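K.L.:
What follows is the file entry-v3.cif, containing mmCIF, C-alpha atoms:
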```cif
data_coords
#
loop_
_atom_site.label_atom_id
_atom_site.label_comp_id
_atom_site.auth_asym_id
_atom_site.auth_seq_id
_atom_site.Cartn_x
_atom_site.Cartn_y
_atom_site.Cartn_z
CA MET M 1 37.44 -50.17 -79.77
CA LYS M 2 34.64 -49.83 -77.26
CA ASP M 3 30.88 -49.60 -77.61
CA ILE M 4 29.15 -46.25 -77.99
CA PRO M 5 27.53 -46.31 -74.51
CA GLU M 6 31.04 -46.69 -73.10
CA TYR M 7 32.13 -43.50 -74.85
CA GLU M 8 29.07 -41.74 -73.50
CA LYS M 9 30.06 -42.89 -70.03
CA ASP M 10 33.55 -41.53 -70.66
CA LEU M 11 32.10 -38.12 -71.45
CA ALA M 12 29.85 -38.22 -68.40
CA SER M 13 32.74 -39.15 -66.11
CA ILE M 14 34.84 -36.28 -67.48
CA ARG M 15 32.06 -33.85 -66.66
CA THR M 16 31.59 -35.25 -63.14
CA MET M 17 35.31 -35.15 -62.38
CA MET M 18 35.75 -31.60 -63.62
CA GLU M 19 32.85 -30.40 -61.53
CA ARG M 20 33.75 -32.41 -58.48
CA SER M 21 37.34 -31.23 -58.46
CA ALA M 22 36.59 -27.58 -59.24
CA LYS M 23 33.63 -27.03 -56.96
CA PHE M 24 32.88 -27.50 -53.31
CA LEU M 25 29.56 -29.30 -53.58
CA SER M 26 29.23 -30.46 -49.99
CA LEU M 27 27.65 -27.18 -48.95
CA SER M 28 24.34 -27.99 -47.31
CA GLY M 29 21.19 -25.96 -47.82
CA LEU M 30 19.90 -26.97 -44.43
CA SER M 31 22.83 -25.33 -42.67
CA GLY M 32 21.97 -22.12 -44.52
CA VAL M 33 18.41 -22.25 -43.18
CA LEU M 34 19.70 -22.87 -39.64
CA ALA M 35 22.23 -20.03 -39.93
CA GLY M 36 19.35 -17.76 -40.91
CA ILE M 37 17.35 -18.85 -37.87
CA TYR M 38 20.33 -18.20 -35.56
CA ALA M 39 20.69 -14.74 -37.08
CA LEU M 40 17.01 -13.97 -36.47
CA ILE M 41 17.31 -15.15 -32.85
CA GLY M 42 20.45 -13.00 -32.51
CA ALA M 43 18.68 -9.98 -34.00
CA GLY M 44 15.74 -10.53 -31.63
CA ALA M 45 18.08 -10.71 -28.66
CA ALA M 46 19.87 -7.57 -29.81
CA TYR M 47 16.56 -5.74 -30.11
CA TYR M 48 15.51 -6.64 -26.58
CA LEU M 49 18.87 -5.82 -25.08
CA VAL M 50 19.48 -2.57 -26.93
CA GLN M 51 16.29 -0.96 -28.14
CA TYR M 52 13.33 -2.39 -26.24
CA PRO M 53 10.77 -0.97 -25.42
CA ALA M 54 11.20 1.44 -28.34
CA SER M 55 9.66 0.15 -31.59
CA LEU M 56 11.92 -1.54 -34.09
CA PHE M 57 11.05 1.16 -36.60
CA ASP M 58 11.95 4.09 -34.37
CA TYR M 59 15.01 5.90 -35.54
CA ARG M 60 17.66 5.94 -32.90
CA THR M 61 21.19 7.16 -32.55
CA TYR M 62 21.23 7.71 -28.81
CA SER M 63 21.50 4.37 -27.09
CA ILE M 64 24.31 2.86 -29.10
CA ARG M 65 26.94 4.96 -27.38
CA GLU M 66 25.76 4.06 -23.90
CA GLY M 67 27.84 1.76 -21.76
CA GLY M 68 28.51 -1.64 -23.17
CA THR M 69 25.92 -1.63 -25.96
CA VAL M 70 28.48 -2.03 -28.73
CA LEU M 71 30.19 -4.83 -26.83
CA VAL M 72 26.85 -6.63 -26.33
CA LEU M 73 26.16 -6.39 -30.08
CA ILE M 74 29.63 -7.65 -30.97
CA PHE M 75 29.18 -10.52 -28.52
CA ILE M 76 25.83 -11.53 -30.09
CA ALA M 77 27.33 -11.32 -33.58
CA ILE M 78 30.23 -13.58 -32.57
CA VAL M 79 27.90 -16.17 -30.99
CA VAL M 80 25.70 -16.22 -34.14
CA LEU M 81 28.78 -16.49 -36.38
CA ALA M 82 30.30 -19.32 -34.34
CA ALA M 83 27.02 -21.26 -34.24
CA SER M 84 26.52 -20.83 -38.00
CA ILE M 85 30.05 -21.91 -38.89
CA SER M 86 29.93 -25.01 -36.69
CA THR M 87 26.51 -25.99 -38.06
CA GLY M 88 27.79 -25.46 -41.60
CA LEU M 89 30.87 -27.58 -40.97
CA TRP M 90 28.84 -30.35 -39.35
CA PHE M 91 26.31 -30.61 -42.18
CA SER M 92 28.96 -30.27 -44.90
CA ASN M 93 31.05 -33.00 -43.31
CA LYS M 94 28.00 -35.26 -43.27
CA LYS M 95 27.20 -34.51 -46.90
CA ALA M 96 30.83 -35.01 -47.97
CA LYS M 97 31.01 -38.38 -46.23
CA LYS M 98 27.82 -39.48 -47.93
CA SER M 99 29.34 -38.83 -51.36
CA GLY M 100 32.66 -40.39 -50.35
CA LEU M 101 34.67 -37.17 -50.30
CA SER M 102 36.63 -35.52 -47.56
CA LEU M 103 35.73 -32.03 -46.43
CA TRP M 104 39.33 -30.88 -46.61
CA SER M 105 40.36 -30.84 -50.25
CA PRO M 106 42.38 -28.50 -52.49
CA THR M 107 39.04 -27.04 -53.61
CA THR M 108 37.96 -26.27 -50.05
CA ARG M 109 41.30 -24.67 -49.33
CA ARG M 110 41.03 -22.45 -52.39
CA LEU M 111 37.46 -21.52 -51.47
CA ILE M 112 38.49 -20.50 -47.95
CA VAL M 113 41.43 -18.42 -49.17
CA ASN M 114 39.22 -16.69 -51.75
CA ILE M 115 36.44 -15.70 -49.35
CA SER M 116 38.83 -14.78 -46.53
CA ILE M 117 40.20 -11.79 -48.39
CA PRO M 118 36.97 -9.74 -48.52
CA LEU M 119 35.81 -11.13 -45.15
CA VAL M 120 38.95 -10.21 -43.22
CA THR M 121 39.18 -6.82 -44.97
CA GLY M 122 35.53 -6.12 -44.10
CA GLY M 123 35.95 -7.35 -40.53
CA ILE M 124 38.90 -5.06 -39.87
CA PHE M 125 37.16 -2.15 -41.61
CA ILE M 126 34.07 -2.58 -39.40
CA LEU M 127 36.19 -2.78 -36.24
CA VAL M 128 37.89 0.45 -37.29
CA MET M 129 34.47 2.04 -37.87
CA LEU M 130 33.24 0.95 -34.44
CA TYR M 131 36.45 2.14 -32.81
CA THR M 132 36.22 5.55 -34.45
CA GLY M 133 32.52 5.91 -33.62
CA HIS M 134 31.02 5.46 -37.10
CA PHE M 135 28.35 3.07 -35.86
CA GLY M 136 25.71 3.92 -38.47
CA LEU M 137 27.46 2.23 -41.37
CA ALA M 138 28.70 -0.89 -39.59
CA ALA M 139 25.65 -3.01 -40.47
CA PRO M 140 25.60 -2.00 -44.17
CA ALA M 141 29.35 -2.61 -44.38
CA SER M 142 28.98 -6.11 -42.94
CA LEU M 143 26.29 -6.95 -45.54
CA ILE M 144 28.30 -5.50 -48.43
CA PHE M 145 31.58 -7.22 -47.55
CA TYR M 146 29.76 -10.50 -46.88
CA GLY M 147 28.10 -10.23 -50.30
CA LEU M 148 31.48 -9.59 -51.96
CA ALA M 149 32.93 -12.63 -50.20
CA LEU M 150 30.06 -14.81 -51.43
CA ILE M 151 30.50 -13.67 -55.03
CA GLN M 152 34.23 -14.26 -54.76
CA GLY M 153 33.65 -17.79 -53.44
CA SER M 154 30.81 -18.65 -55.80
CA ALA M 155 33.21 -19.71 -58.57
CA ASN M 156 34.06 -22.72 -56.43
CA THR M 157 30.59 -23.76 -55.35
CA TYR M 158 26.90 -23.68 -56.28
CA ASP M 159 25.61 -20.84 -58.48
CA GLU M 160 22.97 -19.85 -55.89
CA ILE M 161 25.75 -18.47 -53.71
CA ARG M 162 26.45 -15.87 -56.40
CA TYR M 163 22.84 -14.64 -56.34
CA LEU M 164 22.85 -14.64 -52.55
CA GLY M 165 25.96 -12.46 -52.76
CA PHE M 166 24.28 -9.97 -55.09
CA SER M 167 21.22 -9.84 -52.83
CA GLU M 168 23.40 -9.11 -49.77
CA ILE M 169 25.24 -6.30 -51.57
CA ILE M 170 22.01 -4.66 -52.77
CA LEU M 171 20.51 -4.92 -49.29
CA GLY M 172 23.70 -3.48 -47.80
CA LEU M 173 23.62 -0.50 -50.15
CA ILE M 174 19.95 0.20 -49.38
CA SER M 175 20.75 -0.13 -45.69
CA ALA M 176 23.51 2.48 -46.06
CA ILE M 177 20.85 5.02 -47.10
CA TYR M 178 18.96 4.36 -43.86
CA PRO M 179 21.50 4.36 -41.04
CA GLY M 180 19.91 3.63 -37.67
CA TYR M 181 17.83 0.80 -39.09
CA GLY M 182 20.86 -1.47 -39.26
CA LEU M 183 19.29 -4.17 -37.12
CA ILE M 184 16.33 -4.65 -39.48
CA PHE M 185 18.57 -4.90 -42.54
CA TRP M 186 20.93 -7.16 -40.65
CA ALA M 187 18.04 -9.49 -39.79
CA LEU M 188 16.87 -9.43 -43.43
CA GLY M 189 20.36 -10.07 -44.86
CA PHE M 190 21.72 -12.65 -42.47
CA GLY M 191 18.39 -14.11 -41.40
CA VAL M 192 15.73 -14.04 -44.10
CA LEU M 193 18.07 -14.28 -47.13
CA HIS M 194 19.91 -17.26 -45.64
CA ILE M 195 16.64 -19.05 -44.96
CA VAL M 196 15.32 -18.35 -48.48
CA TYR M 197 18.50 -19.38 -50.33
CA GLY M 198 19.15 -22.28 -47.94
CA ALA M 199 15.65 -23.63 -48.66
CA ILE M 200 16.16 -23.24 -52.43
CA MET M 201 19.48 -25.09 -52.27
CA TYR M 202 18.05 -27.79 -50.01
CA ASN M 203 15.23 -28.45 -52.45
CA LYS M 204 17.54 -28.45 -55.44
CA TYR M 205 20.56 -30.43 -54.23
CA ASP M 206 19.96 -32.19 -50.92
CA LYS M 207 16.71 -34.00 -51.48
CA MET Q 1 34.24 -38.44 -94.37
CA LYS Q 2 37.04 -39.20 -91.98
CA ASN Q 3 36.29 -41.77 -89.32
CA PRO Q 4 36.12 -39.97 -85.92
CA PHE Q 5 37.38 -43.12 -84.22
CA ASP Q 6 40.79 -42.42 -85.76
CA ASN Q 7 41.07 -39.22 -83.73
CA LEU Q 8 40.68 -40.98 -80.38
CA ASP Q 9 43.85 -41.02 -78.32
CA LYS Q 10 44.89 -44.60 -77.53
CA VAL Q 11 46.55 -43.53 -74.26
CA LEU Q 12 43.42 -41.75 -73.08
CA GLU Q 13 41.07 -44.59 -73.95
CA HIS Q 14 40.85 -45.54 -70.33
CA ARG Q 15 38.39 -44.00 -67.91
CA VAL Q 16 40.78 -43.55 -64.98
CA ARG Q 17 43.26 -41.69 -67.21
CA LEU Q 18 40.47 -39.50 -68.53
CA GLN Q 19 39.41 -38.72 -64.99
CA ILE Q 20 42.97 -37.84 -63.96
CA MET Q 21 43.22 -35.50 -66.95
CA SER Q 22 39.82 -33.95 -66.13
CA VAL Q 23 40.94 -33.09 -62.61
CA LEU Q 24 44.28 -31.71 -63.80
CA VAL Q 25 42.78 -29.61 -66.58
CA THR Q 26 40.43 -27.85 -64.13
CA ASN Q 27 42.98 -27.42 -61.34
CA ASP Q 28 46.39 -25.82 -61.27
CA GLY Q 29 48.23 -28.86 -59.93
CA TYR Q 30 46.93 -31.68 -57.76
CA GLU Q 31 48.69 -33.97 -55.30
CA PHE Q 32 48.70 -37.73 -55.29
CA ASN Q 33 46.61 -38.34 -52.19
CA SER Q 34 43.92 -35.79 -53.10
CA LEU Q 35 43.75 -37.30 -56.55
CA LYS Q 36 43.41 -40.78 -55.10
CA GLU Q 37 40.55 -39.65 -52.91
CA MET Q 38 38.83 -37.77 -55.71
CA LEU Q 39 38.86 -40.81 -57.97
CA GLY Q 40 38.27 -43.38 -55.23
CA ILE Q 41 40.90 -45.84 -56.45
CA THR Q 42 43.92 -47.62 -54.92
CA ASP Q 43 47.50 -46.33 -54.74
CA GLY Q 44 48.77 -48.91 -57.19
CA ASN Q 45 46.02 -48.33 -59.71
CA LEU Q 46 46.50 -44.56 -59.69
CA ALA Q 47 50.30 -44.83 -59.83
CA SER Q 48 50.25 -47.09 -62.89
CA HIS Q 49 47.94 -44.80 -64.83
CA ILE Q 50 49.91 -41.72 -63.84
CA LYS Q 51 53.05 -43.44 -65.07
CA ALA Q 52 51.40 -44.06 -68.45
CA LEU Q 53 50.39 -40.38 -68.72
CA GLU Q 54 53.81 -39.25 -67.59
CA ARG Q 55 55.47 -41.40 -70.25
CA GLU Q 56 53.46 -39.51 -72.88
CA LYS Q 57 54.53 -36.22 -71.26
CA TYR Q 58 50.85 -35.37 -70.68
CA LEU Q 59 51.62 -34.38 -67.12
CA SER Q 60 54.63 -33.16 -65.16
CA VAL Q 61 55.64 -34.29 -61.70
CA SER Q 62 57.16 -32.26 -58.89
CA LYS Q 63 58.25 -33.83 -55.63
CA SER Q 64 58.74 -31.91 -52.42
CA PHE Q 65 58.48 -32.34 -48.67
CA VAL Q 66 55.56 -30.94 -46.69
CA ASP Q 67 56.00 -31.31 -42.93
CA ARG Q 68 58.76 -33.80 -43.64
CA LYS Q 69 56.36 -36.01 -45.57
CA PRO Q 70 56.97 -36.60 -49.26
CA ASN Q 71 54.47 -34.76 -51.40
CA THR Q 72 54.02 -35.44 -55.09
CA ARG Q 73 52.21 -32.93 -57.25
CA TYR Q 74 51.05 -33.36 -60.81
CA LYS Q 75 50.45 -30.69 -63.39
CA ILE Q 76 49.03 -31.03 -66.86
CA THR Q 77 51.41 -30.03 -69.68
CA GLU Q 78 50.54 -28.04 -72.81
CA ARG Q 79 50.92 -31.30 -74.73
CA GLY Q 80 48.53 -33.01 -72.30
CA LYS Q 81 45.99 -30.22 -72.62
CA ASN Q 82 45.99 -30.46 -76.41
CA ALA Q 83 45.74 -34.24 -76.34
CA PHE Q 84 42.85 -34.09 -73.86
CA LYS Q 85 40.99 -31.53 -75.94
CA LYS Q 86 41.51 -33.51 -79.13
CA HIS Q 87 40.32 -36.70 -77.46
CA LEU Q 88 37.28 -34.91 -76.06
CA ASP Q 89 36.35 -33.59 -79.52
CA ALA Q 90 36.76 -37.08 -80.97
CA LEU Q 91 34.57 -38.58 -78.24
CA GLU Q 92 31.87 -36.07 -78.98
CA ALA Q 93 32.09 -36.72 -82.71
CA VAL Q 94 31.88 -40.48 -82.15
CA VAL Q 95 28.82 -40.20 -79.95
CA LYS Q 96 27.17 -37.67 -82.27
CA GLN Q 97 27.70 -39.85 -85.34
CA GLN Q 98 25.83 -42.74 -83.77
CA ARG Q 99 22.73 -40.76 -82.93
#
```
Rewrite the coordinates I just gave you, this time as structure tokens.

P.N.:
Amino acid sequence: MKDIPEYEKDLASIRTMMERSAKFLSLSGLSGVLAGIYALIGAGAAYYLVQYPASLFDYRTYSIREGGTVLVLIFIAIVVLAASISTGLWFSNKKAKKSGLSLWSPTTRRLIVNISIPLVTGGIFILVMLYTGHFGLAAPASLIFYGLALIQGSANTYDEIRYLGFSEIILGLISAIYPGYGLIFWALGFGVLHIVYGAIMYNKYDK
Amino acid sequence: MKNPFDNLDKVLEHRVRLQIMSVLVTNDGYEFNSLKEMLGITDGNLASHIKALEREKYLSVSKSFVDRKPNTRYKITERGKNAFKKHLDALEAVVKQQR
């Protein structure tokens, strides 16, 4: 028979193990903030390349069909995405090492499979929309599918991701009512929301 | 009143075994190397505790080859789940009684 504090430690270790093995807790808030900053830079670049000198709030449907505009936007989106993913991986790897875990675990694998389903579906759907000339709803669709992916993945990571997912979906739906202002909503969803939630998570878990 | 200590499972009165059961009860199967990394213990240590749990039929073992490397997966059994839950209840009762 053991002492009572030992039994309390048993209970605590059960809780830690269950959480550790079910959730991907190496996600870093700082990488969320940085991803948001990249998105804002990307949105700024897109504005200068596509819309400038017209005001950001001017409604436009004309320029998007000209020349390589769509290709320029896709290129910017891919650069932002690649930068965000590599930053995320780098910070998560660092955080995982610090807590003696490896980044690649059964939990991470499950997380990736879970979020890939809405992400890949959304990605293909948006490409189809761009190909068939439905440009107006591409930005809302990207926010909505991203939000769905976050909610799907949130079971295997921090709870904040769930709320971030809901925020993205709501923003995406509002954005769908105002086609033509996609860039602003895109900057809010991928830029501002990432910075806000990244900062909350950094304060809560990384400090 | 019945002594809650009587409900504790002798086999599970070991932290490593409890941790193994915790991982298996939250996950649908786990392999040896991932388990080792999760718990941060040596091969030999993990193997001996797994053997003890296997003897009680608390977990089931399936061996296969992944990329020609042997891969051993463990799954918690119904019996293991019940034992774990019972032990957990007993632990809580023990701790509560002392407060």

K.L.:
Can you spell out as a ChimeraX atom specification the set of residues that the PyMOL selection byres ((chain M) within 9 of (chain Q)) selects in the structure I just provided?

P.N.:
/M:1-2,4-5,7-11,13-22,100-102,105-107

K.L.:
Using all atoms listed in the file, which protein or nucleic acid residues come within 12 Å of M:Ala187? Drop anything in the same chain fewer than 2 positions from it, and give the result as a PyMOL selection string.

P.N.:
chain M and resi 35-47+56+77+80+139-140+142-143+168+171-172+175+181-185+189-195

K.L.:
What does the distance between atom CA of Q:Phe84 and atom CA of M:Ser154 come to in Å, to one decimal place?

P.N.:
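Distance between the two atoms: 26.6 Å.
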
K.L.:
Name the residues in contact with M:Met201 at a cut-off of 10 Å, using all atoms listed in the file, excluding same-chain residues fewer than 3 positions from it; report them as number ranges by chain.

P.N.:
M: 27-30, 32-33, 158-161, 195-198, 204-207

K.L.:
Running the PyMOL selection byres ((chain Q and resi 47) around 12) on this model by hand, what would come out? Give it as a PyMOL selection string.

P.N.:
chain Q and resi 16-17+20+31-33+35-36+41-46+48-54+61+72+74

K.L.:
Rounded to one decimal in Å, what is the spacing between atom CA of M:Ala96 and atom CA of Q:Asn71?

P.N.:
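Atom-to-atom, atom CA of M:Ala96 and atom CA of Q:Asn71 are spaced 23.9 Å apart.
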
K.L.:
For a quick check of understanding, using all atoms listed in the file, which of M:Ser84, M:Gln51, M:Thr132, M:Asn156 has the smallest distance to M:Ser26?

P.N.:
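Smallest distance to M:Ser26 is found for M:Asn156.
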
K.L.:
Please determine an axis-aligned box that encloses all atoms of stretch 138-153 of chain M listed in the file, with 5 Å added on each side, and express its centre and edge lengths in Å to one decimal as lines of an AutoDock Vina configuration file.

P.N.:
```
center_x = 29.9
center_y = -9.3
center_z = -47.3
size_x = 18.6
size_y = 26.9
size_z = 25.4
```

K.L.:
Under the PyMOL selection byres ((chain M and resi 115) around 7), which residues of this model are included? Write them out as number ranges by chain.

P.N.:
M: 111-114, 116-119, 149-150, 152-153

K.L.:
Suppose you want the space between atom CA of M:Tyr178 and atom CA of M:Ala138; what is it in Å?

P.N.:
11.9 Å

K.L.:
Tell me which of M:Thr121, M:Ser31, M:Thr69, M:Asn203 sits closest to M:Lys94, counting all atoms listed in the file.

P.N.:
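Among M:Thr121, M:Ser31, M:Thr69, M:Asn203, it is M:Ser31 that comes nearest to M:Lys94.
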
K.L.:
Compare M:Val72, M:Ile144, M:Leu137, M:Ile124 by their minimum atom-to-atom distance to M:Pro179, counting only C-alpha atoms, and give me the closest one.

P.N.:
M:Leu137

K.L.:
Export stretch 119-198 of chain M from the structure block above, keeping C-alpha atoms, as a compact mmCIF listing (two decimals), in the first residue's frame.

P.N.:
```
# COMPACT_ATOMS: atom_id res chain seq x y z
CA LEU M 119 -8.82 21.56 -46.72
CA VAL M 120 -8.32 19.49 -49.86
CA THR M 121 -12.05 19.56 -50.65
CA GLY M 122 -12.07 23.35 -50.25
CA GLY M 123 -8.88 23.77 -52.27
CA ILE M 124 -10.24 21.81 -55.21
CA PHE M 125 -13.60 23.58 -54.96
CA ILE M 126 -11.89 26.99 -55.10
CA LEU M 127 -9.76 25.96 -58.08
CA VAL M 128 -12.93 24.85 -59.85
CA MET M 129 -14.55 28.21 -59.01
CA LEU M 130 -11.56 30.14 -60.37
CA TYR M 131 -11.45 27.96 -63.48
CA THR M 132 -15.14 28.50 -64.18
CA GLY M 133 -14.92 32.25 -63.53
CA HIS M 134 -16.75 32.45 -60.19
CA PHE M 135 -14.12 34.71 -58.65
CA GLY M 136 -16.43 36.54 -56.24
CA LEU M 137 -16.91 33.64 -53.87
CA ALA M 138 -13.36 32.29 -53.83
CA ALA M 139 -12.27 34.31 -50.79
CA PRO M 140 -15.37 33.47 -48.70
CA ALA M 141 -15.01 29.80 -49.66
CA SER M 142 -11.38 29.74 -48.52
CA LEU M 143 -12.36 31.21 -45.13
CA ILE M 144 -15.29 28.82 -44.68
CA PHE M 145 -13.39 25.66 -45.60
CA TYR M 146 -10.42 26.74 -43.47
CA GLY M 147 -12.77 27.29 -40.53
CA LEU M 148 -14.30 23.83 -41.03
CA ALA M 149 -10.82 22.29 -41.10
CA LEU M 150 -9.89 24.04 -37.85
CA ILE M 151 -13.03 22.80 -36.10
CA GLN M 152 -12.39 19.30 -37.40
CA GLY M 153 -8.82 19.40 -36.08
CA SER M 154 -9.63 21.08 -32.79
CA ALA M 155 -10.53 17.76 -31.12
CA ASN M 156 -6.83 16.90 -31.25
CA THR M 157 -5.36 20.19 -30.07
CA TYR M 158 -6.02 23.31 -28.02
CA ASP M 159 -9.62 24.52 -27.57
CA GLU M 160 -8.78 27.98 -28.96
CA ILE M 161 -8.49 26.42 -32.42
CA ARG M 162 -12.19 25.58 -32.26
CA TYR M 163 -13.13 29.21 -31.60
CA LEU M 164 -10.76 30.37 -34.32
CA GLY M 165 -12.58 27.97 -36.64
CA PHE M 166 -15.99 29.40 -35.75
CA SER M 167 -14.68 32.95 -36.26
CA GLU M 168 -13.33 32.05 -39.72
CA ILE M 169 -16.65 30.49 -40.77
CA ILE M 170 -18.69 33.49 -39.59
CA LEU M 171 -16.31 35.87 -41.36
CA GLY M 172 -16.49 33.74 -44.49
CA LEU M 173 -20.29 33.81 -44.50
CA ILE M 174 -20.36 37.60 -44.02
CA SER M 175 -17.80 37.92 -46.79
CA ALA M 176 -20.05 35.89 -49.10
CA ILE M 177 -22.70 38.63 -48.79
CA TYR M 178 -20.16 41.21 -50.00
CA PRO M 179 -18.39 39.74 -53.02
CA GLY M 180 -15.72 42.06 -54.38
CA TYR M 181 -14.41 42.85 -50.93
CA GLY M 182 -12.73 39.46 -50.67
CA LEU M 183 -9.29 40.92 -50.04
CA ILE M 184 -10.40 42.80 -46.92
CA PHE M 185 -12.11 39.73 -45.44
CA TRP M 186 -9.16 37.60 -46.42
CA ALA M 187 -6.81 39.96 -44.56
CA LEU M 188 -9.14 39.93 -41.53
CA GLY M 189 -9.52 36.13 -41.50
CA PHE M 190 -6.01 34.99 -42.25
CA GLY M 191 -4.22 38.03 -40.89
CA VAL M 192 -5.97 39.66 -37.95
CA LEU M 193 -7.67 36.52 -36.55
CA HIS M 194 -4.40 34.56 -36.62
CA ILE M 195 -2.60 37.35 -34.79
CA VAL M 196 -5.34 37.65 -32.16
CA TYR M 197 -5.68 33.91 -31.48
CA GLY M 198 -1.93 33.35 -31.77
```
